[in-house]
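Trainee: Submitted below is the structure of interest, expressed as C-alpha cells.
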Amino acid sequence: MLSFTINTVVFPIQVPVPARWRWKQVCASATAENRLAWAQQSACRDRDGELEVAVKAVQMACGLCQRVQEALLLPAGQNSGLKTSKDDRSPVTVADWAVQATVSWVLSQCFGEEHTSIIAEEDESELSSAESTPLLDLVVSSVNRCLREAPSYGLPGPERELRRTEIVELIGRCNSRGGPKGRFWVLDPVDGTLGFVRGDQYAIALALIEDGEVVLGVLGCPNYPMKKEWLNYHQRYYRLVSNLSPPAFGSWHKGCVLYARKGGGQAWMQPLHDLTQVLDLEKSARVIQVSSVSDPAGATFCEPVEKANSSHLFTEGLAHSVGVRKQPLRVYSMVKYAAVARGHAEIFMKFARAGYKEKIWDHAAGVIIIQEAGGVVTDARGSPLDFSKGVYLEGLDRGIIACSGALLHGRIIEAVDASWDSSNL
C-alpha cells in the first residue's frame, strides 16, 4: 500500500502490477522532499518503472482530452477559444498544449528534470504573446485540473497549482532534437488533431528512444470502440446511438490505452481509467495480439483519412493487387496502429506524396506496440524505420508498411516494387 500526502491529507494508493513491473522503490508522498527522492530512486532508469509511469501519464492525458473534445463539440459560441491554427493552417487545440505540459511535468517529477529529455510536436511560441492570454488561461486551467487527479493514477501531484510561466516553460522544455545517442521521450500530445476537433478518432502517443531505437511505447485511444465494427462509423453517429440507447458493457463502451516495451514479447491493453477507482495496472490490463489472418481476401487494411499527405489511389491499388477485397478502413491518427495491434485490421500502409517528411512522433509508439504484439513494421524496402536521425524519419524508402504477419508484408513489398514507377508519388 502506497500513500500520497497532499496538504496533510493522506490518500491510500493501491498499485499492484505484474511482478516484473514492480519498482524497487516508489514515491511515498507528493511533498517537495519526497518528489526529489522519487527522482533519485528512479535514476536507475528501470525500464519497467518508466513504462508504468508512461502508461499512467497517457491515461491522465486521455481524461484531459476527453473533456476538451466534449467542450469543442458544444454548439457554436460555447466553445470559443479552444482551438486555433498553426502557420501551416493545421488545427491546434488547448488539449495539444495541455497534454504536452502535463506529460512534461509528470516525467520530470518522476525521473528528474536532468534525466528527462523530450521531443514533442508543439512549441510555446503561440502562447507567449499578450494576445494569447485567454488561450493560455484555458491551457493552465486544463493542466491544473488534470494534475489534481494525479493521485488517482498512482502518481504524485503538485503541492499547488502551476502558474502560466511554469506551464509555458514545461511546453518549451520539450525541445530535444533526438539523434543516434542518448535517451529521449517522443510525444505527440494529440495525434490526429483534425479528427479530434471533428469529434472523431485521435490518439495520445508517448515513446522512449534509446540510442536510436524505440524501447517502449504507449498509445492512448480515447474513442476506440470495444467492437471493431464501430471503427467504421464517425463518432457523431456513435454518440447519437449511445444517447438513444444506454450502452451495454462490451458493446458500446470505448476507449483504451495500449503499451509495450522492447523485448517483452507482449503488448498490453487496458480500458480508460475510472476516476472513482485507483488505477490498477495488473487488474485492468490484458494481452493483445495481431490477427492470425494471412489470406489477403480476408484481410482489412487501414489508411489515413486525409488525402493531403497520403495517396489513397495507390494504396487501394496495392491492396487489390495482393488480393485484398474488403473496403479500406480509414481512420484518423495512430489509431491505425492500434487497429493492427489489436487484431482488428491486418495491414496499414502509408505512402506520402513527394516532399512530405514523416515525423518520429507519428510512428514511434505504434511501431513497437505492433512489433511486440507479433506484427511487422518496415519501410517499403523492408528495412526497419530509423528513429536515430532527429525529428524526421530520414532515409525512409517510399512509405511505411505495417502488417500482422510476414506473409502479407512480403506480398505488399513485392507489389510496391512492381507498381512504384507508375505511382506518380
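Labels for the C-alpha cells follow display order: chains A, B, ..., residues from 1 in each chain, ligands from 1.
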Using DSSP on the backbone coordinates, identify the residues of segment 226-351 of chain A assigned to helix (DSSP H, G or I); present them as a ChimeraX atom specification.
Mentor: /A:228-232,235-244,281-284,296-298,312-321,335-341
Trainee: Considering only C-alpha atoms, tabulate each residue of segment 323-417 of chain A that lies at most 9 Å from segment 295-314 of chain A along with its nearest interatomic pair and the corresponding distance in Å to one decimal; arrange the rows by chain and ascending residue number and present them as CSV.
Mentor:
residue,atom,partner,partner_atom,distance
A:Gly323,CA,A:Pro296,CA,5.1
A:Val324,CA,A:Pro296,CA,4.8
A:Arg325,CA,A:Ala297,CA,5.5
A:Lys326,CA,A:Thr300,CA,6.0
A:Gln327,CA,A:Thr300,CA,7.4
A:Pro328,CA,A:Phe301,CA,5.4
A:Leu329,CA,A:Cys302,CA,4.6
A:Arg330,CA,A:Val305,CA,5.1
A:Val331,CA,A:Val305,CA,5.5
A:Tyr332,CA,A:Val305,CA,5.7
A:Ser333,CA,A:Pro304,CA,7.3
A:Lys336,CA,A:Cys302,CA,6.0
A:Tyr337,CA,A:Cys302,CA,8.7
A:Ala339,CA,A:Cys302,CA,8.2
A:Val340,CA,A:Cys302,CA,8.4
A:His344,CA,A:Thr300,CA,7.8
A:Ala345,CA,A:Thr300,CA,4.9
A:Glu346,CA,A:Thr300,CA,5.5
A:Ile347,CA,A:Phe301,CA,4.3
A:Phe348,CA,A:Cys302,CA,4.6
A:Met349,CA,A:Glu303,CA,5.8
A:Lys350,CA,A:Ser310,CA,6.2
A:Phe351,CA,A:Ser310,CA,5.5
A:Ala352,CA,A:Ser310,CA,4.4
A:Arg353,CA,A:Asn309,CA,5.6
A:Ala354,CA,A:Asn309,CA,8.7
A:Tyr356,CA,A:Asn309,CA,6.7
A:Cys403,CA,A:Phe301,CA,8.8
A:Leu407,CA,A:Asp295,CA,8.8
A:Leu408,CA,A:Pro296,CA,7.0
Trainee: Based on the selection just made, write N, CA, C and O atoms of those residues as a short mmCIF file (atom, residue, chain, number, x, y, z; two decimals), in the first residue's frame.
Mentor:
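What landed in part.cif:
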data_model
loop_
_atom_site.label_atom_id
_atom_site.label_comp_id
_atom_site.auth_asym_id
_atom_site.auth_seq_id
_atom_site.Cartn_x
_atom_site.Cartn_y
_atom_site.Cartn_z
N GLY A 323 -4.73 -9.06 -53.47
CA GLY A 323 -5.90 -9.89 -53.21
C GLY A 323 -6.82 -9.42 -52.11
O GLY A 323 -7.76 -10.13 -51.74
N VAL A 324 -6.57 -8.22 -51.56
CA VAL A 324 -7.46 -7.68 -50.53
C VAL A 324 -8.75 -7.22 -51.21
O VAL A 324 -8.72 -6.47 -52.19
N ARG A 325 -9.88 -7.66 -50.69
CA ARG A 325 -11.16 -7.33 -51.31
C ARG A 325 -12.06 -6.47 -50.43
O ARG A 325 -13.06 -5.95 -50.90
N LYS A 326 -11.72 -6.34 -49.17
CA LYS A 326 -12.55 -5.53 -48.27
C LYS A 326 -12.31 -4.05 -48.51
O LYS A 326 -11.24 -3.63 -48.97
N GLN A 327 -13.32 -3.25 -48.17
CA GLN A 327 -13.16 -1.80 -48.26
C GLN A 327 -12.12 -1.34 -47.24
O GLN A 327 -12.02 -1.89 -46.15
N PRO A 328 -11.32 -0.31 -47.59
CA PRO A 328 -10.32 0.16 -46.64
C PRO A 328 -10.94 0.77 -45.40
O PRO A 328 -12.04 1.33 -45.46
N LEU A 329 -10.25 0.64 -44.30
CA LEU A 329 -10.67 1.25 -43.04
C LEU A 329 -9.91 2.56 -42.90
O LEU A 329 -8.69 2.55 -42.69
N ARG A 330 -10.59 3.66 -43.05
CA ARG A 330 -9.94 4.98 -42.98
C ARG A 330 -10.24 5.62 -41.63
O ARG A 330 -11.39 5.91 -41.32
N VAL A 331 -9.21 5.77 -40.83
CA VAL A 331 -9.35 6.38 -39.51
C VAL A 331 -8.24 7.40 -39.29
O VAL A 331 -7.16 7.29 -39.85
N TYR A 332 -8.56 8.38 -38.48
CA TYR A 332 -7.58 9.40 -38.14
C TYR A 332 -6.52 8.84 -37.18
O TYR A 332 -6.80 7.97 -36.37
N SER A 333 -5.31 9.37 -37.30
CA SER A 333 -4.28 9.23 -36.28
C SER A 333 -3.67 7.85 -36.20
O SER A 333 -3.90 6.98 -37.04
N LYS A 336 -4.73 3.71 -36.35
CA LYS A 336 -4.47 2.68 -37.35
C LYS A 336 -3.48 1.65 -36.81
O LYS A 336 -3.63 0.44 -37.04
N TYR A 337 -2.45 2.10 -36.11
CA TYR A 337 -1.51 1.17 -35.49
C TYR A 337 -2.22 0.34 -34.43
O TYR A 337 -1.98 -0.87 -34.29
N ALA A 339 -5.34 -0.51 -34.37
CA ALA A 339 -6.22 -1.48 -35.02
C ALA A 339 -5.45 -2.74 -35.44
O ALA A 339 -5.95 -3.86 -35.29
N VAL A 340 -4.26 -2.56 -35.96
CA VAL A 340 -3.45 -3.72 -36.35
C VAL A 340 -2.99 -4.48 -35.12
O VAL A 340 -3.05 -5.71 -35.07
N HIS A 344 -7.73 -6.04 -35.23
CA HIS A 344 -8.94 -5.57 -35.91
C HIS A 344 -8.68 -5.21 -37.37
O HIS A 344 -9.60 -4.90 -38.10
N ALA A 345 -7.43 -5.19 -37.75
CA ALA A 345 -7.03 -4.99 -39.15
C ALA A 345 -5.70 -5.71 -39.33
O ALA A 345 -5.00 -5.98 -38.35
N GLU A 346 -5.39 -6.02 -40.56
CA GLU A 346 -4.16 -6.77 -40.83
C GLU A 346 -3.06 -5.93 -41.48
O GLU A 346 -1.88 -6.31 -41.43
N ILE A 347 -3.42 -4.83 -42.09
CA ILE A 347 -2.46 -4.06 -42.88
C ILE A 347 -2.67 -2.56 -42.65
O ILE A 347 -3.81 -2.10 -42.58
N PHE A 348 -1.57 -1.83 -42.50
CA PHE A 348 -1.60 -0.37 -42.52
C PHE A 348 -0.53 0.07 -43.50
O PHE A 348 0.63 -0.33 -43.39
N MET A 349 -0.93 0.88 -44.47
CA MET A 349 0.03 1.40 -45.45
C MET A 349 -0.09 2.91 -45.52
O MET A 349 -1.19 3.46 -45.47
N LYS A 350 1.05 3.54 -45.64
CA LYS A 350 1.06 4.98 -45.87
C LYS A 350 2.18 5.33 -46.84
O LYS A 350 3.35 5.05 -46.57
N PHE A 351 1.80 5.95 -47.94
CA PHE A 351 2.78 6.40 -48.94
C PHE A 351 2.54 7.89 -49.15
O PHE A 351 1.55 8.29 -49.77
N ALA A 352 3.43 8.67 -48.60
CA ALA A 352 3.26 10.12 -48.63
C ALA A 352 3.59 10.67 -50.01
O ALA A 352 4.37 10.10 -50.78
N ARG A 353 3.00 11.79 -50.30
CA ARG A 353 3.29 12.48 -51.56
C ARG A 353 4.68 13.11 -51.50
O ARG A 353 5.22 13.34 -50.42
N ALA A 354 5.25 13.38 -52.64
CA ALA A 354 6.60 13.92 -52.72
C ALA A 354 6.73 15.19 -51.89
O ALA A 354 5.86 16.06 -51.93
N TYR A 356 6.76 15.37 -48.59
CA TYR A 356 6.30 15.22 -47.21
C TYR A 356 7.29 14.35 -46.43
O TYR A 356 7.72 13.30 -46.90
N CYS A 403 2.10 -4.79 -40.94
CA CYS A 403 1.26 -5.96 -41.19
C CYS A 403 1.22 -6.87 -39.97
O CYS A 403 2.12 -6.88 -39.14
N LEU A 407 3.87 -12.95 -44.15
CA LEU A 407 3.39 -13.31 -45.47
C LEU A 407 2.72 -12.12 -46.17
O LEU A 407 3.06 -11.79 -47.32
N LEU A 408 1.79 -11.49 -45.49
CA LEU A 408 1.14 -10.31 -46.06
C LEU A 408 2.16 -9.21 -46.33
O LEU A 408 2.11 -8.54 -47.36
#
Trainee: Using only C-alpha atoms, can you tell me which of A:Val376, A:Val186, A:Val293, A:Cys62 comes closest to Ile119 of chain A?
Mentor: A:Val186
Trainee: To one decimal place in Å, what is the distance between atom CA of Ser291 of chain A and atom CA of Leu51 of chain A?
Mentor: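 The value is 24.7 Å.
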Trainee: Using only C-alpha atoms, which residues sit within 9 Å of Gln59 of chain A once same-chain residues fewer than 4 positions away are excluded, as a ChimeraX atom specification?
Mentor: /A:54-55,63-64,153,220,256-257,272-273
Trainee: Selected residues, C-alpha atoms, written as a PDB file, in the first residue's frame, please.
Mentor:
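And here's again38.pdb as it stands now:
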ATOM      1  CA  ALA A  54       4.296   6.446 -19.124  1.00  0.00           C
ATOM      2  CA  VAL A  55       1.069   4.425 -19.079  1.00  0.00           C
ATOM      3  CA  GLY A  63      -9.049  12.164 -19.495  1.00  0.00           C
ATOM      4  CA  LEU A  64      -7.892  15.682 -20.262  1.00  0.00           C
ATOM      5  CA  TYR A 153      -3.492   7.341 -11.158  1.00  0.00           C
ATOM      6  CA  GLY A 220      -3.951   6.267 -25.789  1.00  0.00           C
ATOM      7  CA  CYS A 256      -8.253   2.134 -24.342  1.00  0.00           C
ATOM      8  CA  VAL A 257      -4.531   2.523 -23.746  1.00  0.00           C
ATOM      9  CA  LEU A 272      -9.552   4.147 -19.778  1.00  0.00           C
ATOM     10  CA  HIS A 273      -9.279   4.807 -16.061  1.00  0.00           C
TER      11      HIS A 273
END
Trainee: From the set A:Ala95, A:Val322, A:Gly375, A:Gly195, which residue has the shortest atom-to-atom contact distance to Val139 of chain A, counting only C-alpha atoms?
Mentor: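 Of A:Ala95, A:Val322, A:Gly375, A:Gly195, the one nearest Val139 of chain A, counting only C-alpha atoms, is A:Ala95.
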Trainee: Could you name the residues that touch Arg177 of chain A at 10 Å or less, counting only C-alpha atoms, but leaving out those on the same chain fewer than 6 positions away, as a PyMOL selection string?
Mentor: chain A and resi 117-120+184+389-392
Trainee: Show which residues sit within 9 Å of Leu162 of chain A, as a ChimeraX atom specification. Count only C-alpha atoms, and ignore same-chain residues fewer than 6 positions away.
Mentor: /A:140,143-144
Trainee: For the residues in that selection, give me N, CA, C and O atoms as a PDB file, in the first residue's frame.
Mentor:
ATOM      1  N   VAL A 140      -3.802  26.498 -18.909  1.00  0.00           N
ATOM      2  CA  VAL A 140      -3.425  26.426 -17.490  1.00  0.00           C
ATOM      3  C   VAL A 140      -4.512  25.729 -16.681  1.00  0.00           C
ATOM      4  O   VAL A 140      -4.243  24.863 -15.841  1.00  0.00           O
ATOM      5  N   VAL A 143      -4.519  21.938 -17.444  1.00  0.00           N
ATOM      6  CA  VAL A 143      -3.372  21.244 -16.845  1.00  0.00           C
ATOM      7  C   VAL A 143      -3.563  21.064 -15.346  1.00  0.00           C
ATOM      8  O   VAL A 143      -3.383  19.968 -14.802  1.00  0.00           O
ATOM      9  N   ASN A 144      -3.945  22.128 -14.665  1.00  0.00           N
ATOM     10  CA  ASN A 144      -4.091  22.035 -13.212  1.00  0.00           C
ATOM     11  C   ASN A 144      -5.213  21.091 -12.809  1.00  0.00           C
ATOM     12  O   ASN A 144      -5.089  20.355 -11.824  1.00  0.00           O
TER      13      ASN A 144
END
Trainee: Excluding same-chain residues fewer than 6 positions from Asp362 of chain A, what lies within 9 Å of it counting only C-alpha atoms, as an NGL selection string?
Mentor: :A and (187-188 or 191 or 205 or 333-334)
Trainee: Could you jot down the atom CA of Val287 of chain A to atom CA of Ile412 of chain A separation for me, Å, one decimal place?
Mentor: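 Distance reported for this atom pair: 27.4 Å.
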Trainee: Which polymer residues have any atom within 12 Å of an atom of Ser132 of chain A, counting only C-alpha atoms, with same-chain residues fewer than 5 positions away left out, as JSON, numbers by chain?
Mentor: {"A": [81, 82, 83, 84, 94, 124, 125, 126, 127, 137, 138, 139, 164, 168]}
Trainee: Would you save the residues from that selection as a PDB file, in the first residue's frame, using N, CA and C atoms?
Mentor:
ATOM      1  N   GLY A  81     -12.338  29.846 -28.341  1.00  0.00           N
ATOM      2  CA  GLY A  81     -11.021  29.931 -27.738  1.00  0.00           C
ATOM      3  C   GLY A  81     -10.326  28.618 -27.507  1.00  0.00           C
ATOM      4  N   LEU A  82     -10.991  27.495 -27.827  1.00  0.00           N
ATOM      5  CA  LEU A  82     -10.390  26.198 -27.556  1.00  0.00           C
ATOM      6  C   LEU A  82      -9.458  25.722 -28.661  1.00  0.00           C
ATOM      7  N   LYS A  83      -9.528  26.335 -29.840  1.00  0.00           N
ATOM      8  CA  LYS A  83      -8.653  25.914 -30.919  1.00  0.00           C
ATOM      9  C   LYS A  83      -8.203  27.118 -31.729  1.00  0.00           C
ATOM     10  N   THR A  84      -7.094  26.923 -32.407  1.00  0.00           N
ATOM     11  CA  THR A  84      -6.561  27.948 -33.304  1.00  0.00           C
ATOM     12  C   THR A  84      -5.868  27.214 -34.445  1.00  0.00           C
ATOM     13  N   VAL A  94      -6.408  23.550 -27.272  1.00  0.00           N
ATOM     14  CA  VAL A  94      -5.985  23.622 -25.869  1.00  0.00           C
ATOM     15  C   VAL A  94      -5.415  22.279 -25.428  1.00  0.00           C
ATOM     16  N   GLU A 124       5.948  26.560 -27.563  1.00  0.00           N
ATOM     17  CA  GLU A 124       5.250  27.512 -26.697  1.00  0.00           C
ATOM     18  C   GLU A 124       5.051  28.874 -27.326  1.00  0.00           C
ATOM     19  N   SER A 125       5.564  29.105 -28.529  1.00  0.00           N
ATOM     20  CA  SER A 125       5.557  30.443 -29.110  1.00  0.00           C
ATOM     21  C   SER A 125       4.151  31.018 -29.265  1.00  0.00           C
ATOM     22  N   GLU A 126       3.192  30.158 -29.632  1.00  0.00           N
ATOM     23  CA  GLU A 126       1.825  30.620 -29.839  1.00  0.00           C
ATOM     24  C   GLU A 126       1.197  31.145 -28.557  1.00  0.00           C
ATOM     25  N   LEU A 127       1.711  30.682 -27.421  1.00  0.00           N
ATOM     26  CA  LEU A 127       1.122  31.058 -26.131  1.00  0.00           C
ATOM     27  C   LEU A 127       1.869  32.202 -25.448  1.00  0.00           C
ATOM     28  N   ASP A 137      -4.750  30.794 -20.572  1.00  0.00           N
ATOM     29  CA  ASP A 137      -5.509  30.561 -19.337  1.00  0.00           C
ATOM     30  C   ASP A 137      -6.312  29.263 -19.419  1.00  0.00           C
ATOM     31  N   LEU A 138      -6.851  28.951 -20.602  1.00  0.00           N
ATOM     32  CA  LEU A 138      -7.569  27.695 -20.777  1.00  0.00           C
ATOM     33  C   LEU A 138      -6.626  26.498 -20.659  1.00  0.00           C
ATOM     34  N   VAL A 139      -5.420  26.657 -21.200  1.00  0.00           N
ATOM     35  CA  VAL A 139      -4.413  25.605 -21.077  1.00  0.00           C
ATOM     36  C   VAL A 139      -4.039  25.396 -19.608  1.00  0.00           C
ATOM     37  N   ARG A 164       1.110  30.358 -15.054  1.00  0.00           N
ATOM     38  CA  ARG A 164       1.251  30.480 -16.514  1.00  0.00           C
ATOM     39  C   ARG A 164       2.689  30.264 -16.955  1.00  0.00           C
ATOM     40  N   VAL A 168       4.143  27.382 -19.553  1.00  0.00           N
ATOM     41  CA  VAL A 168       4.834  27.727 -20.804  1.00  0.00           C
ATOM     42  C   VAL A 168       6.228  27.108 -20.816  1.00  0.00           C
TER      43      VAL A 168
END
Trainee: Using Å and a single decimal, report how far atom CA of Ala207 of chain A sits from atom CA of Gly366 of chain A.
Mentor: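 Atom CA of Ala207 of chain A lies 8.8 Å from atom CA of Gly366 of chain A.
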Trainee: Taking the DSSP secondary structure from the backbone, can you list the residues of segment 41-256 of chain A that are strand (DSSP E or B), as a ChimeraX atom specification?
Mentor: /A:83-85,91-93,118-120,175,183-191,203-210,213-225,254-256
